[in-house]
Protein chains: 2
Amino acid sequence: MKLSDLTTPALVVDRDKLDANLATMAAVLPGTKLRPHVKAFKTTALARRMADLGHTGFTCATVREVEGMAAAGLGEDLLLANEVLDARRLGAITNARVTVAVDSRETVDAAAAGGVREVLIDVNVGLPRCGVDPDKAGALADYARSKGLEVRGVMGYEGHVMLVDDPAEKARQVEECMSLLLKASADVGGDLVSAGGTGTFEVNTYANEIQAGSYCLMDTTYAHAGIAFEQALTVLSTIISVNEAGWFVADLGLKALGMDHGNPTIPGASVWYCADEHTVFSADGGQFAIGDRIRVWPSHIDPTIALHEKMHLVDGDDVLETWDVDLRGW
Amino acid sequence: MKLSDLTTPALVVDRDKLDANLATMAAVLPGTKLRPHVKAFKTTALARRMADLGHTGFTCATVREVEGMAAAGLGEDLLLANEVLDARRLGAITNARVTVAVDSRETVDAAAAGGVREVLIDVNVGLPRCGVDPDKAGALADYARSKGLEVRGVMGYEGHVMLVDDPAEKARQVEECMSLLLKASADVGGDLVSAGGTGTFEVNTYANEIQAGSYCLMDTTYAHAGIAFEQALTVLSTIISVNEAGWFVADLGLKALGMDHGNPTIPGASVWYCADEHTVFSADGGQFAIGDRIRVWPSHIDPTIALHEKMHLVDGDDVLETWDVDLRGW
């Protein structure tokens with residue numbers, strides 16, 4: 001199958017870039033030093049490529065992602081790095097090792113009531129989101145153990161540090177965050193100290209596993225921050241209309257593109273706006289004609305992927321494989 | 001089933017508001033004077049509610065929407081109000097009347113080659129998007145007829161006028177746009193003059209059918225513009241984490257919310273930001289606790305719906321029906 005055979009809009013992944021990104025990361029963080037975050041790509045076929053490289057533990061953000069990974073036979077060690085108040089579906093998974101993050105007595109109670117056996121204490125290391133205060137992590141671990149749960153350790157996501165520009169400042173902030181996590185780890189016990197992401201994987205030498213996911217396909221924002229991975233994912237689109245007054249219309253819009261980081265990028269063009277199923281742009285050096293197929297760079301990959309059913313692995317004009325984006329939904 | 005039984009995040013539609021919106025519109029534009037646009041809700045069960053009220057012709061934005069409506073037995077008169085360069089899947093639909101918009105010789109050729117029999121000339125009436133220049137519409141119709149296609153008339157979407165605040169100014173601009181469309185209609189021939197949307201349905205008295213879709217569930221932006229429909233759709237979410245420093249975390253984020261119009265709204269709260277699966281907010285009069293279920297107003301409904309598999313029709317705490325969002329994708 002060729003690119004020209006695909007129905008547009010379509011997610012297209014360049015194999016060379018993907019495999020280069022996977023190899024780069026595996027060299028720095030081999031095996032279980034990386035716990036890839038599947039939320040970034042929501043596709044078990046891509047996760048399997050990571051498992052084949054030795055990354056056999058995975059991070060998930062939703063119950064559906066955990067279920068899907070287990071169903072795909074990738075359930076050796078699945079961490080739901082998020083809080084849930086109803087853990088019954090997690091407890092019902094029989095063919096995987098499932099660990100869930102907890103940051104309150106309520107989420108501990110939910111884990112125990114749902115039949116989950118293992119938890120990680122989610123510690124707030126500075127990002128205003130989930131996580132117990134570091135100085136209360138030990139007490140929460142004690143509470144979890146009192147409910148019969150195995151506490152495997154701690155996690156803490158330094159998300160607010162991912163895009164700090166200056167390397168020295170980033171390293172300083174990561175150290176600050178991780179000192180909180182290591183202190184909590186000493187109080188909590190267990191083996192795991194799980195943290196980090198694509199923006200900090202090189203400087204976070206404190207955690208013993210890193211939860212990066214974006215690195216494999218890479219995001220425009222991360223790319224601008226000078227992180228050494230290649231942008232491997234584009235959205236293939238068709239030019240469906242050309243107006244003599246100087247604009248062009250491509251057949252992808254708000255339902256094919258994550259828009260929280262703004263408009264997509266079209267090489268050789270200036271994007272005017274996106275509508276539900278259209279992107280309108282003017283030429284800015286590029287040549288465009290009705291029927292042309294173009295590659296569009298979404299501004300944020302994760303929510304872009306969540307809008308698509310399929311992802312196509314390509315080499316030049318050849319479509320090598322078509323993968324189901326099978327971890328969507330909740 | 002009760003609201004508390006739903007997995008969150010979940011699309012929830014208040015039946016009373018939905019039915020009030022449907023009745024309000026049907027009173028103004030009965031039967032085929034309205035050609036509801038299914039892109040707004042992507043759910044055949046909701047389209048069937050409209051058909052039951054007498055709106056038996058529908059507008060679609062994608063080939064998949066046309067296929068899905070035909071498969072659901074709602075194919076009496078389906079208009080794909082968008083350009084396609086590959087019409088073979090449209091031509092293969094046997095159980096529906098399918099008309100496709102064309103605005104160039106290339107799209108006419110694609111319709112003919114794909115086996116589509118009926119087209120509408122898409123006329124640019126001022127919005128920089130698709131549509132042939134009004135003074136070239138007649139020649140394009142001639143070309144379409146020379147290719148053996150039946151030309152049913154014209155369409156022209158005055159999208160740039162939808163949110164004009166001043167009623168008199170809006171009416172003036174609609175008249176201006178529609179004078180272009182009516183002139184093109186005179187050149188093109190055929191019966192249909194299709195235009196309009198939720199923002200102009202009352203003042204667009206020039207078209208003989210209106211393509212409104214948002215009216216049934218309503219959007220925050222439209223609601224702010226003073227258009228007389230009720231917001232019927234919210235996203236049900238669970239509070240999964242509370243921090244003593246003064247913030248709360250709900251379990252919906254960039255993958256459950258269309259973000260092109262910005263952050264969602266939570267009554268009684270100030271939204272700080274959305275992450276992939278989280279919305280972080282502070283209380284602003286409201287009371288929130290871990291495990292609480294809240295209703296969140298997305299800033300743009302259409303792309304929000306495209307992220308969900310199901311939509312639940314509710315009456316208070318009772319879940320009356322669960323519908324598949326079965327028109328997603330392309």
# chains A, B, ... in the order shown; residues from 1 in each chain; ligands from 1
$ residues_around --residues "B:Pro167" --least-positions-apart "3" --cutoff "12 Å" --atoms "only C-alpha atoms" --output "list in words"
Val161, Met162, Leu163, Val164, Lys170, Ala171, Arg172, Gln173, Val174, Gly199, Thr200, Glu202, Val203, Asn204, Ala225, Gly226 and Ile227 of chain B
$ select_by_dssp --residues "stretch 26-187 of chain B" --states "helix (DSSP H, G or I)" --output "PyMOL selection string"
chain B and resi 26-28+31-33+38-40+44-52+63-71+88-91+105-114+134-146+159-161+167-187
$ closest_residue --among "A:Val325, A:Ala306, A:Gly291, A:Ala51" --to "B:Ala110" --atoms "only C-alpha atoms"
A:Gly291
$ interface_residues --of "chain A" --to "chain B" --cutoff "6 Å" --atoms "only C-alpha atoms" --output "PyMOL selection string"
chain A and resi 83+130+240-241+255+259-260+303+307
$ residues_around --residues "A:Thr220" --least-positions-apart "4" --cutoff "10 Å" --atoms "only C-alpha atoms" --output "list in words"
His224, Ala225, Glu230, Gln231, His261, Pro264, Thr265, Trp297, Pro298, Ser299, His300 and Ile301 of chain A
$ closest_residue --among "B:His312, B:Arg145, B:Arg89, B:Lys17" --to "B:Glu67" --atoms "only C-alpha atoms"
B:Arg89
$ select_by_dssp --residues "stretch 145-287 of chain B" --states "strand (DSSP E or B)" --output "MDAnalysis selection string"
chainID B and resid 150:156 192:195 209:210 233:243 247:250 258 265 269:274 279:283
$ closest_residue --among "A:Leu3, A:Leu46, A:Ala87, A:Ala283" --to "A:Val66" --atoms "only C-alpha atoms"
A:Ala87
$ residues_around --residues "B:Leu18" --least-positions-apart "4" --cutoff "12 Å" --atoms "only C-alpha atoms" --output "ChimeraX atom specification"
/B:12-14,22-25,41,46-47,49-50,214-218,229-234,312-315
$ residues_around --residues "B:Gly213" --least-positions-apart "6" --cutoff "9 Å" --atoms "only C-alpha atoms" --output "list of chain:residue names"
B:Arg35, B:Pro36, B:His37, B:Val38, B:Lys39, B:Ala40, B:Phe41, B:Thr59, B:Gly197, B:Thr198
$ write_last_selection --atoms "N, CA and C atoms" --output "mmCIF file, in the first residue's frame"
data_model
loop_
_atom_site.group_PDB
_atom_site.id
_atom_site.type_symbol
_atom_site.label_atom_id
_atom_site.label_comp_id
_atom_site.auth_asym_id
_atom_site.auth_seq_id
_atom_site.Cartn_x
_atom_site.Cartn_y
_atom_site.Cartn_z
ATOM 1 N N ARG B 35 -31.942 21.290 7.389
ATOM 2 C CA ARG B 35 -31.167 20.098 7.023
ATOM 3 C C ARG B 35 -30.081 19.984 8.107
ATOM 4 N N PRO B 36 -30.395 19.321 9.221
ATOM 5 C CA PRO B 36 -29.485 19.332 10.380
ATOM 6 C C PRO B 36 -28.087 18.839 10.014
ATOM 7 N N HIS B 37 -27.100 19.509 10.578
ATOM 8 C CA HIS B 37 -25.711 19.145 10.303
ATOM 9 C C HIS B 37 -25.242 18.161 11.369
ATOM 10 N N VAL B 38 -24.957 16.921 10.957
ATOM 11 C CA VAL B 38 -24.613 15.877 11.921
ATOM 12 C C VAL B 38 -23.196 16.015 12.460
ATOM 13 N N LYS B 39 -22.367 16.847 11.829
ATOM 14 C CA LYS B 39 -21.001 16.993 12.342
ATOM 15 C C LYS B 39 -20.995 17.506 13.773
ATOM 16 N N ALA B 40 -22.035 18.219 14.153
ATOM 17 C CA ALA B 40 -22.086 18.811 15.488
ATOM 18 C C ALA B 40 -22.184 17.761 16.589
ATOM 19 N N PHE B 41 -22.758 16.597 16.267
ATOM 20 C CA PHE B 41 -22.999 15.603 17.329
ATOM 21 C C PHE B 41 -22.584 14.190 16.964
ATOM 22 N N THR B 59 -27.201 17.127 6.677
ATOM 23 C CA THR B 59 -25.924 17.618 6.186
ATOM 24 C C THR B 59 -24.806 16.839 6.873
ATOM 25 N N GLY B 197 -26.645 28.446 9.567
ATOM 26 C CA GLY B 197 -26.211 27.674 10.714
ATOM 27 C C GLY B 197 -26.943 28.162 11.950
ATOM 28 N N THR B 198 -26.538 27.646 13.100
ATOM 29 C CA THR B 198 -27.207 27.998 14.341
ATOM 30 C C THR B 198 -27.153 29.503 14.614
#
$ atom_distance --atom1 "atom CA of A:Ala70" --atom2 "atom CA of A:Thr99"
12.4 Å
$ decode --residues "stretch 111-208 of chain B" --atoms "C-alpha atoms" --output "compact mmCIF listing (two decimals), in the first residue's frame"
# COMPACT_ATOMS: atom_id res chain seq x y z
CA ALA B 111 -17.67 12.99 -8.13
CA ALA B 112 -18.22 11.65 -11.64
CA ALA B 113 -15.36 9.18 -11.40
CA GLY B 114 -16.54 7.98 -8.00
CA GLY B 115 -20.04 7.16 -9.18
CA VAL B 116 -21.87 9.97 -7.40
CA ARG B 117 -24.86 11.17 -9.40
CA GLU B 118 -25.93 14.43 -7.74
CA VAL B 119 -23.94 17.52 -6.77
CA LEU B 120 -24.45 20.95 -5.27
CA ILE B 121 -22.33 23.89 -6.37
CA ASP B 122 -20.52 25.19 -3.28
CA VAL B 123 -20.30 28.98 -3.59
CA ASN B 124 -17.94 31.19 -1.62
CA VAL B 125 -20.06 33.86 0.05
CA GLY B 126 -17.29 35.53 2.05
CA LEU B 127 -15.83 33.01 4.49
CA PRO B 128 -12.27 32.19 3.44
CA ARG B 129 -12.73 28.44 3.00
CA CYS B 130 -14.22 26.28 0.25
CA GLY B 131 -16.55 27.45 -2.50
CA VAL B 132 -16.25 28.66 -6.08
CA ASP B 133 -16.39 32.39 -6.79
CA PRO B 134 -20.06 33.34 -7.26
CA ASP B 135 -19.55 34.54 -10.83
CA LYS B 136 -18.04 31.20 -11.84
CA ALA B 137 -20.75 29.01 -10.31
CA GLY B 138 -22.82 28.82 -13.48
CA ALA B 139 -19.88 27.67 -15.58
CA LEU B 140 -19.00 25.02 -13.00
CA ALA B 141 -22.60 23.77 -13.07
CA ASP B 142 -22.40 23.51 -16.85
CA TYR B 143 -19.20 21.54 -16.52
CA ALA B 144 -20.80 19.20 -13.99
CA ARG B 145 -23.76 18.60 -16.29
CA SER B 146 -21.37 17.91 -19.15
CA LYS B 147 -19.97 15.10 -16.99
CA GLY B 148 -23.42 13.59 -16.57
CA LEU B 149 -24.05 14.88 -13.06
CA GLU B 150 -27.38 16.20 -11.81
CA VAL B 151 -26.91 19.69 -10.29
CA ARG B 152 -29.40 20.16 -7.47
CA GLY B 153 -28.58 23.80 -6.77
CA VAL B 154 -26.18 25.79 -4.63
CA MET B 155 -24.87 26.01 -1.10
CA GLY B 156 -22.86 28.78 0.60
CA TYR B 157 -21.87 28.94 4.22
CA GLU B 158 -21.79 32.38 5.85
CA GLY B 159 -19.67 31.05 8.74
CA HIS B 160 -17.95 34.37 9.36
CA VAL B 161 -21.30 35.96 10.26
CA MET B 162 -22.41 33.41 12.89
CA LEU B 163 -21.08 35.32 15.88
CA VAL B 164 -21.70 38.92 14.85
CA ASP B 165 -23.13 40.52 17.98
CA ASP B 166 -25.40 43.26 16.69
CA PRO B 167 -28.61 41.75 15.25
CA ALA B 168 -29.06 44.45 12.63
CA GLU B 169 -25.46 44.16 11.48
CA LYS B 170 -25.75 40.37 11.37
CA ALA B 171 -28.91 40.62 9.28
CA ARG B 172 -27.18 43.05 6.92
CA GLN B 173 -24.18 40.77 6.47
CA VAL B 174 -26.36 37.71 5.94
CA GLU B 175 -28.28 39.58 3.25
CA GLU B 176 -25.00 40.53 1.59
CA CYS B 177 -23.74 36.94 1.60
CA MET B 178 -27.04 35.52 0.44
CA SER B 179 -27.35 37.99 -2.42
CA LEU B 180 -24.17 36.42 -3.77
CA LEU B 181 -25.66 32.98 -3.31
CA LEU B 182 -28.97 33.86 -4.93
CA LYS B 183 -27.19 35.35 -7.93
CA ALA B 184 -25.18 32.13 -8.24
CA SER B 185 -28.39 30.14 -7.84
CA ALA B 186 -29.91 31.98 -10.80
CA ASP B 187 -26.88 31.02 -12.91
CA VAL B 188 -26.69 27.44 -11.67
CA GLY B 189 -30.35 26.40 -11.62
CA GLY B 190 -31.72 23.53 -9.56
CA ASP B 191 -34.04 23.65 -6.56
CA LEU B 192 -31.76 23.86 -3.55
CA VAL B 193 -30.39 27.00 -1.93
CA SER B 194 -28.67 25.58 1.15
CA ALA B 195 -26.91 27.77 3.72
CA GLY B 196 -26.91 29.02 7.28
CA GLY B 197 -26.21 27.67 10.71
CA THR B 198 -27.21 28.00 14.34
CA GLY B 199 -25.93 31.58 14.40
CA THR B 200 -28.06 32.77 11.46
CA PHE B 201 -31.06 30.45 11.25
CA GLU B 202 -33.52 33.18 12.18
CA VAL B 203 -32.27 35.88 9.83
CA ASN B 204 -31.28 33.75 6.86
CA THR B 205 -34.63 33.89 5.07
CA TYR B 206 -32.97 33.67 1.66
CA ALA B 207 -31.90 30.02 1.64
CA ASN B 208 -34.61 27.40 1.33
